[in-house]
>>> print(open('structure_37.cif').read())   # mmCIF, C-alpha atoms
data_entry
#
loop_
_atom_site.label_atom_id
_atom_site.label_comp_id
_atom_site.auth_asym_id
_atom_site.auth_seq_id
_atom_site.Cartn_x
_atom_site.Cartn_y
_atom_site.Cartn_z
CA MET A 21 39.51 -25.95 -30.67
CA GLY A 22 37.87 -22.62 -29.92
CA VAL A 23 34.28 -23.91 -30.39
CA SER A 24 31.71 -25.48 -28.08
CA ASN A 25 29.15 -28.29 -28.45
CA VAL A 26 31.50 -30.48 -30.45
CA LYS A 27 29.96 -33.86 -31.30
CA THR A 28 31.04 -37.10 -32.88
CA ALA A 29 29.27 -38.11 -36.10
CA ALA A 30 27.90 -41.23 -34.39
CA SER A 31 26.24 -39.18 -31.62
CA LEU A 32 24.06 -37.14 -33.98
CA THR A 33 20.33 -37.89 -34.02
CA LYS A 34 18.65 -38.78 -37.32
CA ARG A 35 17.08 -35.31 -37.44
CA GLU A 36 20.44 -33.60 -36.82
CA THR A 37 22.00 -35.70 -39.58
CA ILE A 38 19.24 -34.85 -42.08
CA VAL A 39 19.37 -31.12 -41.23
CA SER A 40 23.16 -31.15 -41.53
CA ILE A 41 23.05 -32.86 -44.92
CA GLY A 42 20.47 -30.29 -46.05
CA ILE A 43 22.64 -27.35 -45.02
CA ILE A 44 25.72 -28.88 -46.64
CA GLY A 45 23.58 -29.45 -49.76
CA VAL A 46 22.98 -25.68 -49.93
CA LEU A 47 26.75 -25.16 -49.70
CA PHE A 48 27.36 -27.57 -52.57
CA PHE A 49 24.72 -25.73 -54.63
CA MET A 50 26.67 -22.50 -54.13
CA PHE A 51 29.96 -24.27 -54.95
CA GLY A 52 28.43 -25.30 -58.26
CA PHE A 53 26.83 -21.97 -59.05
CA VAL A 54 30.04 -19.99 -58.54
CA SER A 55 32.36 -22.61 -60.10
CA TRP A 56 30.55 -23.71 -63.23
CA VAL A 57 29.70 -20.21 -64.46
CA ASN A 58 33.38 -20.21 -65.50
CA ALA A 59 32.36 -22.32 -68.50
CA ILE A 60 30.75 -19.25 -70.07
CA LEU A 61 33.11 -16.68 -68.49
CA ILE A 62 35.98 -18.16 -70.52
CA PRO A 63 34.52 -17.41 -74.00
CA TYR A 64 32.95 -14.20 -72.63
CA PHE A 65 36.29 -12.80 -71.45
CA LYS A 66 38.00 -14.15 -74.56
CA ILE A 67 35.81 -11.84 -76.65
CA ALA A 68 35.57 -8.89 -74.24
CA CYS A 69 39.28 -8.76 -73.33
CA GLU A 70 40.55 -10.00 -76.74
CA LEU A 71 42.46 -13.05 -75.49
CA THR A 72 44.13 -16.14 -76.94
CA ASN A 73 42.93 -19.64 -75.95
CA PHE A 74 45.77 -19.90 -73.43
CA GLN A 75 45.01 -16.49 -71.89
CA SER A 76 41.28 -17.23 -71.66
CA TYR A 77 41.95 -20.35 -69.58
CA LEU A 78 43.61 -18.14 -66.96
CA VAL A 79 40.01 -17.83 -65.74
CA THR A 80 40.11 -21.37 -64.42
CA PHE A 81 43.78 -21.07 -63.45
CA ALA A 82 43.20 -18.01 -61.22
CA PHE A 83 40.05 -19.52 -59.73
CA TYR A 84 41.42 -22.96 -58.89
CA ILE A 85 45.10 -22.25 -58.15
CA SER A 86 43.77 -20.70 -54.94
CA TYR A 87 42.92 -24.24 -53.78
CA LEU A 88 46.62 -25.10 -53.85
CA VAL A 89 47.50 -21.99 -51.85
CA ILE A 90 44.60 -21.87 -49.38
CA SER A 91 43.52 -25.46 -48.66
CA MET A 92 46.14 -26.43 -46.09
CA PRO A 93 45.87 -23.12 -44.18
CA SER A 94 42.09 -23.74 -44.29
CA SER A 95 42.51 -26.95 -42.29
CA TYR A 96 44.20 -24.99 -39.47
CA LEU A 97 41.53 -22.26 -39.67
CA LEU A 98 38.80 -24.90 -39.31
CA LYS A 99 40.68 -26.59 -36.47
CA ASN A 100 40.87 -23.33 -34.52
CA LYS A 101 37.57 -21.68 -35.47
CA GLY A 102 35.36 -24.71 -36.16
CA PHE A 103 33.32 -25.60 -39.21
CA LYS A 104 30.66 -22.88 -38.90
CA ASN A 105 32.97 -19.91 -38.31
CA GLY A 106 35.30 -21.19 -41.03
CA ILE A 107 32.44 -21.51 -43.52
CA MET A 108 31.27 -17.95 -42.70
CA ILE A 109 34.78 -16.60 -43.33
CA GLY A 110 34.89 -18.52 -46.62
CA PHE A 111 31.64 -16.91 -47.77
CA PHE A 112 32.91 -13.43 -46.85
CA ILE A 113 36.10 -13.95 -48.90
CA MET A 114 33.98 -15.12 -51.83
CA ALA A 115 31.82 -11.99 -51.53
CA PHE A 116 34.96 -9.83 -51.75
CA GLY A 117 35.89 -11.64 -54.96
CA ALA A 118 32.43 -11.03 -56.46
CA PHE A 119 32.61 -7.31 -55.63
CA MET A 120 36.03 -7.12 -57.36
CA PHE A 121 34.20 -7.63 -60.67
CA ILE A 122 32.86 -4.05 -60.37
CA PRO A 123 36.19 -2.17 -60.76
CA ALA A 124 37.40 -4.85 -63.18
CA ALA A 125 34.43 -4.29 -65.49
CA LEU A 126 34.56 -0.49 -65.21
CA THR A 127 38.18 -0.53 -66.44
CA ARG A 128 37.95 -3.70 -68.62
CA THR A 129 41.08 -4.96 -66.86
CA TYR A 130 41.51 -8.73 -67.18
CA GLU A 131 44.08 -8.86 -64.36
CA VAL A 132 41.59 -7.41 -61.86
CA PHE A 133 39.01 -9.98 -62.94
CA LEU A 134 41.63 -12.64 -62.21
CA VAL A 135 42.14 -11.23 -58.70
CA GLY A 136 38.39 -11.45 -58.15
CA LEU A 137 38.33 -15.02 -59.44
CA PHE A 138 41.24 -15.96 -57.17
CA SER A 139 39.34 -14.55 -54.17
CA LEU A 140 36.19 -16.47 -55.13
CA GLY A 141 38.28 -19.63 -55.37
CA ALA A 142 40.03 -18.94 -52.05
CA GLY A 143 36.71 -18.67 -50.24
CA LEU A 144 35.49 -21.81 -51.94
CA ALA A 145 38.67 -23.64 -50.90
CA ILE A 146 37.77 -22.98 -47.24
CA LEU A 147 34.18 -24.12 -47.79
CA GLN A 148 35.26 -27.26 -49.65
CA THR A 149 37.88 -28.12 -47.01
CA ALA A 150 35.08 -28.04 -44.44
CA ALA A 151 32.22 -29.59 -46.40
CA ASN A 152 33.79 -32.59 -48.15
CA PRO A 153 35.25 -34.36 -45.08
CA TYR A 154 32.09 -33.34 -43.18
CA VAL A 155 29.73 -35.12 -45.55
CA THR A 156 32.14 -38.08 -45.87
CA ILE A 157 32.02 -38.83 -42.12
CA LEU A 158 28.36 -37.80 -41.60
CA GLY A 159 27.00 -41.35 -41.60
CA PRO A 160 28.00 -44.95 -42.42
CA LYS A 161 31.33 -45.27 -44.24
CA GLU A 162 29.95 -47.65 -46.89
CA ARG A 163 27.32 -45.07 -47.88
CA ALA A 164 29.75 -42.15 -48.20
CA ALA A 165 29.65 -42.25 -52.01
CA GLN A 166 25.85 -42.16 -51.83
CA ARG A 167 25.91 -39.00 -49.69
CA ILE A 168 28.55 -37.39 -51.88
CA SER A 169 26.37 -38.20 -54.92
CA ILE A 170 23.49 -36.29 -53.31
CA MET A 171 25.85 -33.34 -52.78
CA GLY A 172 26.99 -33.73 -56.38
CA ILE A 173 23.41 -33.37 -57.61
CA CYS A 174 23.13 -30.08 -55.71
CA ASN A 175 26.46 -28.97 -57.18
CA LYS A 176 25.75 -29.91 -60.79
CA ALA A 177 22.14 -28.70 -60.73
CA ALA A 178 23.57 -25.28 -59.90
CA GLY A 179 26.13 -25.84 -62.65
CA ILE A 180 23.35 -26.36 -65.18
CA LEU A 181 21.58 -23.19 -64.07
CA ALA A 182 24.61 -20.90 -63.67
CA PRO A 183 25.76 -20.59 -67.34
CA LEU A 184 22.15 -20.31 -68.53
CA ILE A 185 21.25 -17.61 -65.98
CA PHE A 186 24.50 -15.75 -66.69
CA ALA A 187 23.85 -15.95 -70.44
CA THR A 188 20.28 -14.73 -69.99
CA VAL A 189 21.38 -11.77 -67.87
CA VAL A 190 24.52 -10.81 -69.81
CA LEU A 191 24.07 -11.87 -73.45
CA ARG A 192 21.68 -10.25 -75.96
CA ALA A 193 20.04 -11.64 -79.09
CA THR A 194 21.96 -9.05 -81.14
CA ASP A 195 25.37 -10.17 -79.81
CA SER A 196 25.95 -12.57 -82.72
CA ASP A 197 25.99 -9.58 -85.06
CA LEU A 198 28.25 -7.68 -82.65
CA PHE A 199 30.79 -10.52 -82.58
CA LYS A 200 30.84 -10.70 -86.40
CA ASN A 201 31.31 -6.94 -86.77
CA LEU A 202 34.10 -6.50 -84.19
CA GLU A 203 36.86 -7.32 -86.68
CA MET A 204 35.61 -4.63 -89.08
CA MET A 205 35.58 -1.86 -86.44
CA ASP A 206 38.45 0.53 -85.86
CA VAL A 207 40.32 0.32 -82.56
CA ALA A 208 38.39 3.12 -80.81
CA GLN A 209 34.96 1.85 -81.84
CA ARG A 210 35.80 -1.76 -80.92
CA SER A 211 37.10 -0.64 -77.54
CA GLN A 212 33.92 1.34 -76.88
CA GLU A 213 31.67 -1.61 -77.81
CA LEU A 214 33.68 -4.02 -75.66
CA ASP A 215 33.60 -1.63 -72.69
CA VAL A 216 29.80 -1.66 -72.83
CA PHE A 217 29.78 -5.45 -73.32
CA ILE A 218 32.00 -6.23 -70.30
CA ARG A 219 30.06 -3.95 -67.92
CA ARG A 220 27.07 -6.26 -68.14
CA VAL A 221 28.71 -8.43 -65.45
CA ILE A 222 28.48 -5.69 -62.81
CA ALA A 223 24.84 -6.22 -61.81
CA PRO A 224 24.87 -10.04 -61.47
CA TYR A 225 28.15 -10.13 -59.51
CA THR A 226 27.01 -7.32 -57.19
CA VAL A 227 23.87 -9.31 -56.38
CA LEU A 228 25.98 -12.46 -55.95
CA GLY A 229 28.27 -10.65 -53.48
CA PHE A 230 25.37 -9.67 -51.22
CA ILE A 231 23.91 -13.21 -51.41
CA LEU A 232 27.27 -14.66 -50.32
CA VAL A 233 27.46 -12.31 -47.32
CA GLY A 234 23.92 -13.36 -46.34
CA LEU A 235 24.72 -17.07 -46.67
CA GLY A 236 27.80 -16.67 -44.47
CA LEU A 237 25.71 -15.16 -41.70
CA LEU A 238 22.95 -17.79 -42.12
CA VAL A 239 25.40 -20.71 -41.80
CA ARG A 240 27.11 -19.12 -38.78
CA PHE A 241 23.81 -18.99 -36.89
CA SER A 242 22.36 -22.23 -38.30
CA PRO A 243 21.89 -25.48 -36.28
CA LEU A 244 24.79 -27.13 -38.15
CA PRO A 245 26.69 -29.10 -35.45
CA GLU A 246 30.46 -29.14 -35.02
CA ILE A 247 31.86 -32.60 -35.80
CA ASP A 248 34.81 -34.03 -33.88
CA THR A 249 37.43 -35.41 -36.28
CA GLU A 250 40.33 -35.22 -33.84
CA HIS A 251 39.67 -38.41 -31.88
CA GLU A 252 40.16 -41.92 -33.25
CA ASP A 253 38.62 -45.24 -32.32
CA ALA A 254 40.95 -47.79 -30.70
CA ASP A 255 41.77 -49.73 -33.89
CA VAL A 256 42.56 -46.63 -35.96
CA ALA A 257 44.57 -45.11 -33.09
CA ALA A 258 46.66 -48.27 -32.81
CA ALA A 259 47.28 -48.38 -36.56
CA ASN A 260 48.28 -44.69 -36.62
CA SER A 261 50.35 -44.68 -33.41
CA SER A 262 53.63 -44.39 -35.31
CA LYS A 263 52.32 -41.81 -37.80
CA ASN A 264 53.16 -38.13 -37.45
CA SER A 265 52.49 -36.89 -40.99
CA ILE A 266 49.84 -37.27 -43.70
CA PHE A 267 52.65 -38.20 -46.07
CA GLN A 268 52.88 -41.57 -44.30
CA PHE A 269 49.52 -42.56 -45.87
CA PRO A 270 50.24 -43.68 -49.47
CA HIS A 271 46.56 -44.21 -50.30
CA LEU A 272 45.91 -40.55 -49.35
CA ILE A 273 48.80 -39.12 -51.40
CA LEU A 274 47.90 -41.24 -54.42
CA GLY A 275 44.28 -40.20 -53.88
CA ALA A 276 45.25 -36.50 -53.96
CA ILE A 277 46.95 -37.08 -57.32
CA ALA A 278 43.80 -38.89 -58.48
CA ILE A 279 41.67 -35.89 -57.41
CA PHE A 280 44.04 -33.56 -59.29
CA LEU A 281 43.67 -35.54 -62.51
CA HIS A 282 39.95 -36.24 -62.08
CA VAL A 283 38.94 -32.60 -61.61
CA GLY A 284 41.20 -31.72 -64.53
CA THR A 285 39.32 -34.11 -66.81
CA GLN A 286 36.00 -32.82 -65.51
CA ILE A 287 36.80 -29.14 -65.99
CA ILE A 288 38.16 -29.79 -69.48
CA SER A 289 34.96 -31.60 -70.48
CA ILE A 290 32.83 -28.65 -69.30
CA ASP A 291 34.92 -25.51 -69.78
CA THR A 292 36.34 -26.31 -73.23
CA ILE A 293 33.17 -27.58 -74.88
CA ILE A 294 31.86 -24.13 -75.87
CA GLY A 295 35.16 -23.33 -77.57
CA TYR A 296 35.16 -26.72 -79.28
CA ALA A 297 31.61 -26.09 -80.51
CA GLY A 298 32.85 -22.76 -81.88
CA SER A 299 35.38 -24.63 -84.02
CA MET A 300 32.34 -26.26 -85.69
CA ASP A 301 30.85 -22.81 -86.48
CA ILE A 302 28.35 -23.02 -83.62
CA ASP A 303 28.08 -19.50 -82.17
CA LEU A 304 28.19 -18.64 -78.46
CA LEU A 305 24.43 -18.12 -78.13
CA GLU A 306 23.81 -21.70 -79.32
CA ALA A 307 26.89 -23.29 -77.73
CA LYS A 308 26.08 -21.95 -74.24
CA VAL A 309 23.87 -25.02 -73.54
CA PHE A 310 26.57 -27.67 -74.08
CA PRO A 311 28.06 -27.41 -70.55
CA SER A 312 24.54 -27.96 -69.22
CA TYR A 313 24.21 -31.17 -71.27
CA THR A 314 27.46 -32.44 -69.74
CA LEU A 315 26.36 -31.53 -66.22
CA PHE A 316 22.93 -33.10 -66.76
CA LEU A 317 24.58 -36.42 -67.56
CA THR A 318 26.72 -36.02 -64.44
CA ILE A 319 23.49 -35.74 -62.43
CA VAL A 320 22.19 -38.89 -64.15
CA GLY A 321 25.37 -40.64 -63.01
CA TYR A 322 24.86 -39.39 -59.44
CA LEU A 323 21.29 -40.72 -59.44
CA CYS A 324 22.60 -44.10 -60.58
CA GLY A 325 25.09 -43.98 -57.70
CA ILE A 326 22.37 -43.21 -55.15
CA VAL A 327 20.26 -46.13 -56.39
CA LEU A 328 23.04 -48.69 -56.97
CA ILE A 329 25.56 -48.01 -54.14
CA PRO A 330 26.01 -50.09 -52.01
CA LYS A 331 23.09 -52.46 -52.77
CA VAL A 332 24.04 -53.43 -56.32
CA MET A 333 27.69 -52.39 -56.59
CA SER A 334 30.37 -51.13 -54.22
CA GLN A 335 31.94 -47.67 -54.31
CA VAL A 336 35.13 -49.20 -55.70
CA THR A 337 33.33 -51.01 -58.54
CA ALA A 338 31.53 -47.80 -59.52
CA LEU A 339 34.88 -45.98 -59.55
CA ARG A 340 36.43 -48.63 -61.81
CA VAL A 341 33.49 -48.59 -64.25
CA CYS A 342 33.53 -44.78 -64.52
CA THR A 343 37.29 -44.46 -65.04
CA ILE A 344 37.36 -47.13 -67.76
CA LEU A 345 34.39 -45.47 -69.49
CA GLY A 346 36.22 -42.13 -69.33
CA LEU A 347 39.21 -43.60 -71.15
CA ILE A 348 36.99 -45.10 -73.89
CA LEU A 349 35.13 -41.80 -74.42
CA SER A 350 38.40 -39.83 -74.55
CA LEU A 351 39.63 -42.02 -77.38
CA GLY A 352 36.24 -41.53 -79.07
CA ILE A 353 36.70 -37.73 -79.00
CA ILE A 354 40.07 -38.08 -80.74
CA TYR A 355 39.37 -40.79 -83.29
CA LEU A 356 35.66 -40.70 -84.22
CA ASN A 357 34.20 -38.04 -86.53
CA GLY A 358 31.24 -37.27 -88.75
CA ASP A 359 28.44 -34.72 -88.61
CA ILE A 360 25.21 -35.65 -86.82
CA THR A 361 22.16 -33.63 -85.78
CA LEU A 362 21.11 -34.16 -82.16
CA LEU A 363 18.93 -32.02 -79.86
CA GLY A 364 18.70 -29.46 -82.66
CA HIS A 365 22.49 -29.07 -83.02
CA LYS A 366 24.38 -30.06 -86.15
CA ALA A 367 27.88 -30.89 -84.98
CA ASP A 368 30.70 -33.42 -85.23
CA VAL A 369 29.92 -36.59 -83.25
CA SER A 370 33.05 -36.06 -81.15
CA ILE A 371 31.38 -33.24 -79.19
CA TRP A 372 28.81 -35.72 -77.87
CA PHE A 373 31.61 -37.89 -76.48
CA ILE A 374 32.69 -34.82 -74.48
CA VAL A 375 29.10 -34.49 -73.26
CA LEU A 376 29.10 -38.18 -72.26
CA LEU A 377 32.21 -37.59 -70.14
CA GLY A 378 29.78 -35.96 -67.73
CA PHE A 379 28.37 -39.41 -66.98
CA ALA A 380 31.81 -41.06 -66.82
CA ASN A 381 33.08 -38.44 -64.36
CA SER A 382 30.03 -38.55 -62.09
CA LEU A 383 31.08 -41.13 -59.48
CA VAL A 384 34.86 -40.66 -59.63
CA TRP A 385 34.98 -37.89 -56.99
CA ALA A 386 32.54 -39.80 -54.77
CA GLY A 387 34.65 -42.95 -55.19
CA ILE A 388 38.03 -41.39 -54.43
CA TRP A 389 37.12 -39.43 -51.27
CA PRO A 390 36.12 -42.28 -48.92
CA LEU A 391 39.00 -44.45 -50.19
CA ALA A 392 41.59 -41.70 -49.69
CA LEU A 393 40.29 -40.63 -46.23
CA SER A 394 39.94 -44.21 -44.98
CA ASP A 395 41.53 -44.78 -41.54
CA LEU A 396 43.11 -41.31 -41.26
CA GLY A 397 41.65 -40.67 -37.80
CA ARG A 398 43.14 -37.50 -36.32
CA PHE A 399 44.68 -36.70 -39.72
CA THR A 400 41.23 -36.39 -41.37
CA LYS A 401 41.13 -32.57 -41.56
CA GLN A 402 44.65 -32.37 -43.00
CA GLY A 403 43.89 -35.27 -45.34
CA GLY A 404 40.77 -33.50 -46.52
CA ALA A 405 42.75 -30.31 -47.06
CA LEU A 406 45.33 -32.22 -49.13
CA LEU A 407 42.57 -33.65 -51.32
CA ILE A 408 41.10 -30.17 -51.76
CA MET A 409 44.56 -28.99 -52.84
CA GLY A 410 44.17 -31.52 -55.65
CA LEU A 411 41.46 -29.22 -57.02
CA CYS A 412 44.25 -27.08 -58.44
CA GLY A 413 44.05 -29.62 -61.27
CA ASN A 414 41.16 -27.42 -62.38
CA ALA A 415 43.69 -24.60 -62.75
CA ILE A 416 46.52 -26.46 -64.43
CA MET A 417 44.87 -29.00 -66.75
CA PRO A 418 42.87 -26.45 -68.81
CA MET A 419 46.09 -24.43 -69.26
CA ILE A 420 47.81 -27.54 -70.63
CA TYR A 421 44.80 -28.13 -72.88
CA GLY A 422 44.82 -24.46 -74.00
CA HIS A 423 48.54 -24.63 -74.81
CA TYR A 424 48.13 -27.69 -77.02
CA ALA A 425 44.98 -26.19 -78.57
CA ASP A 426 47.08 -23.20 -79.68
CA VAL A 427 50.02 -25.37 -80.81
CA PHE A 428 47.96 -28.05 -82.60
CA ASP A 429 44.17 -27.73 -82.60
CA LEU A 430 41.24 -27.98 -80.20
CA ARG A 431 40.57 -31.64 -80.98
CA THR A 432 44.14 -32.93 -80.76
CA ALA A 433 44.49 -31.20 -77.38
CA TYR A 434 42.01 -33.71 -75.90
CA TRP A 435 44.88 -36.22 -75.83
CA VAL A 436 45.64 -34.75 -72.38
CA LEU A 437 42.66 -36.75 -71.07
CA VAL A 438 44.13 -40.17 -71.88
CA PRO A 439 47.00 -40.37 -69.31
CA CYS A 440 44.65 -38.90 -66.69
CA TYR A 441 42.14 -41.73 -67.05
CA LEU A 442 44.92 -44.33 -67.14
CA TYR A 443 46.12 -43.15 -63.72
CA LEU A 444 42.56 -43.05 -62.36
CA ILE A 445 42.09 -46.67 -63.44
CA PHE A 446 45.31 -47.54 -61.58
CA TYR A 447 44.05 -45.86 -58.40
CA ALA A 448 40.65 -47.57 -58.67
CA VAL A 449 42.22 -51.02 -59.13
CA LYS A 450 45.34 -50.91 -56.96
CA GLY A 451 46.43 -47.47 -55.72
CA HIS A 452 43.81 -47.13 -52.96
CA LYS A 453 44.95 -50.42 -51.39
CA ILE A 454 48.55 -49.34 -50.85
CA ARG A 455 49.19 -48.70 -47.13
CA LYS A 456 53.01 -48.61 -47.10
CA TRP A 457 55.49 -46.93 -49.42
#
>>> encode(input="structure_37.cif", output="structure tokens")
Amino acid sequence: MGVSNVKTAASLTKRETIVSIGIIGVLFFMFGFVSWVNAILIPYFKIACELTNFQSYLVTFAFYISYLVISMPSSYLLKNKGFKNGIMIGFFIMAFGAFMFIPAALTRTYEVFLVGLFSLGAGLAILQTAANPYVTILGPKERAAQRISIMGICNKAAGILAPLIFATVVLRATDSDLFKNLEMMDVAQRSQELDVFIRRVIAPYTVLGFILVGLGLLVRFSPLPEIDTEHEDADVAAANSSKNSIFQFPHLILGAIAIFLHVGTQIISIDTIIGYAGSMDIDLLEAKVFPSYTLFLTIVGYLCGIVLIPKVMSQVTALRVCTILGLILSLGIIYLNGDITLLGHKADVSIWFIVLLGFANSLVWAGIWPLALSDLGRFTKQGGALLIMGLCGNAIMPMIYGHYADVFDLRTAYWVLVPCYLYLIFYAVKGHKIRKW
């Protein structure tokens, strides 16, 4: 494997387990910080680079399509280099992506920004391929959703902070007037104003790049143990004796599809809400907080999972409740309307159903992972990589939403959520039980 001091999860002491979970928690915080800032990058680039809805969602496409490309090679990288070296390499690739924002901003070239976003996503794909199976097997199987919920809190707490910090650093109180006046400017003046506007990203992404390099070095020399996922217990080995491919595990393949659709619904609920608020004449400076509301409710859902699983309800029951709730809320977005004032915002009630999707989505990821990785044994790393490939749903689903938003309208486009939740209900009820094609 190319690494020493490899341990089984069962051989770790309580202290080693707690330290490991803490380090992985820091990783999940960084996942969230880098990922969820996209919610404000989309409208930011839409203005700065003068894009359509469809073009603006290339932000998420470039970022998350890297998961499809990189995840499976990541599993072989981790197998050969180990978790710690692989994580360090992932951080270095992310740092390269952050530094790409400098030439992109200096030239106001959207395509170069997309290259930077792809690199950020590629590094994250390596980190996620390592961290998600790691935390899934780092303790009792029946408490996996509980541990993933703790990681989710780290992830979404960063997600709450990231758009707000970015907005504080990059946006100005006078920007509302700038946005209104852009249409009245001639081409040269508008270009000059937008050049100045886009260059505000240089400082925060330069700082982020150096932080990512530092984190890579810290993890490499941290006490994080290598976990052995290559050896199976006798029962799992016997069950998998005739298996030579991950495609012989239906519950894994169906789980990867479930991950694809779940992350698609989650990214739509967070990354489209600012644009949807804009359709209600809520400007960017006010709308910037809506992704944080959604992520806050996701954290509330995680806390419920930590308290309730497995004492009050099983991981499977939580998954079923959340997927059914997601379907109900999706229909509420489409069919219910009327202005209400809540938390100081006057908006159509449908936007609050999008916010509530944060709660509905909270335990879906944590529910799918242990079910999909169940009994994979020596196929665990590849299985984890396949599930991480499902994160390309973050790339594709917003593009589908953006297409229908341009063809119809922003509200009608939320119909894309309905078939997603129907499939997730199927997986929660039956799909995860299927062991033979």
>>> closest_atom_pairs(input="structure_37.cif", of="region 244-344 of chain A", to="region 76-81 of chain A", cutoff="12 Å", atoms="only C-alpha atoms", output="CSV")
residue,atom,partner,partner_atom,distance
A:Val283,CA,A:Thr80,CA,11.6
A:Gly284,CA,A:Thr80,CA,10.4
A:Ile287,CA,A:Thr80,CA,8.6
A:Ile288,CA,A:Thr80,CA,10.0
A:Ile290,CA,A:Thr80,CA,11.4
A:Asp291,CA,A:Thr80,CA,8.5
A:Thr292,CA,A:Tyr77,CA,9.0
A:Gly295,CA,A:Ser76,CA,10.5
>>> residues_around(input="structure_37.cif", residues="region 382-390 of chain A", least_positions_apart="3", cutoff="6 Å", atoms="only C-alpha atoms", output="list of chain:residue names")
A:Ala165, A:Ile168, A:Thr318, A:Gly321, A:Tyr322, A:Gln335, A:Leu339, A:Phe379, A:Leu393, A:Ser394
>>> resolve_selection(input="structure_37.cif", expression="the PyMOL selection byres ((chain A and resi 169-171) around 8)", output="list in words")
Ile44, Gly45, Phe48, Phe49, Ala165, Gln166, Arg167, Ile168, Gly172, Ile173, Cys174, Asn175, Tyr322, Leu323, Gly325, Ile326, Leu383 and Ala386 of chain A
>>> atom_distance(input="structure_37.cif", atom1="CA of Ile107 (chain A)", atom2="CA of Pro224 (chain A)")
22.6 Å
>>> closest_atom_pairs(input="structure_37.cif", of="region 81-102 of chain A", to="region 133-147 of chain A", cutoff="7 Å", atoms="all atoms listed in the file", output="JSON lines")
{"residue": "A:Ala82", "atom": "CA", "partner": "A:Phe138", "partner_atom": "CA", "distance": 4.9}
{"residue": "A:Phe83", "atom": "CA", "partner": "A:Phe138", "partner_atom": "CA", "distance": 4.5}
{"residue": "A:Tyr84", "atom": "CA", "partner": "A:Gly141", "partner_atom": "CA", "distance": 5.8}
{"residue": "A:Ser86", "atom": "CA", "partner": "A:Ala142", "partner_atom": "CA", "distance": 5.0}
{"residue": "A:Tyr87", "atom": "CA", "partner": "A:Ala145", "partner_atom": "CA", "distance": 5.2}
{"residue": "A:Ile90", "atom": "CA", "partner": "A:Ala142", "partner_atom": "CA", "distance": 6.0}
{"residue": "A:Ser91", "atom": "CA", "partner": "A:Ala145", "partner_atom": "CA", "distance": 5.6}
{"residue": "A:Ser94", "atom": "CA", "partner": "A:Ile146", "partner_atom": "CA", "distance": 5.3}
>>> atom_distance(input="structure_37.cif", atom1="CA of Leu411 (chain A)", atom2="CA of Ser334 (chain A)")
24.7 Å
>>> resolve_selection(input="structure_37.cif", expression="the PyMOL selection byres ((chain A and resi 72) around 12)", output="MDAnalysis selection string")
chainID A and resid 62:63 65:71 73:78 295 419 422:423 425:427
>>> residues_around(input="structure_37.cif", residues="region 433-448 of chain A", least_positions_apart="6", cutoff="8 Å", atoms="all atoms listed in the file", output="tab-separated table (two decimals) with C-alpha atoms, keeping the file's coordinate frame")
chain	number	residue	atom	x	y	z
A	274	LEU	CA	47.90	-41.24	-54.42
A	275	GLY	CA	44.28	-40.20	-53.88
A	278	ALA	CA	43.80	-38.89	-58.48
A	281	LEU	CA	43.67	-35.54	-62.51
A	282	HIS	CA	39.95	-36.24	-62.08
A	285	THR	CA	39.32	-34.11	-66.81
A	336	VAL	CA	35.13	-49.20	-55.70
A	339	LEU	CA	34.88	-45.98	-59.55
A	340	ARG	CA	36.43	-48.63	-61.81
A	343	THR	CA	37.29	-44.46	-65.04
A	344	ILE	CA	37.36	-47.13	-67.76
A	346	GLY	CA	36.22	-42.13	-69.33
A	347	LEU	CA	39.21	-43.60	-71.15
A	350	SER	CA	38.40	-39.83	-74.55
A	351	LEU	CA	39.63	-42.02	-77.38
A	353	ILE	CA	36.70	-37.73	-79.00
A	354	ILE	CA	40.07	-38.08	-80.74
A	388	ILE	CA	38.03	-41.39	-54.43
A	420	ILE	CA	47.81	-27.54	-70.63
A	421	TYR	CA	44.80	-28.13	-72.88
A	422	GLY	CA	44.82	-24.46	-74.00
A	424	TYR	CA	48.13	-27.69	-77.02
A	425	ALA	CA	44.98	-26.19	-78.57
>>> atom_distance(input="structure_37.cif", atom1="CA of Phe119 (chain A)", atom2="CA of Thr226 (chain A)")
5.8 Å
>>> residues_near_point(input="structure_37.cif", point="(32.4, -12.4, -51.7)", cutoff="12 Å", atoms="all atoms listed in the file", output="PyMOL selection string")
chain A and resi 50+54+108-121+136-144+225-236
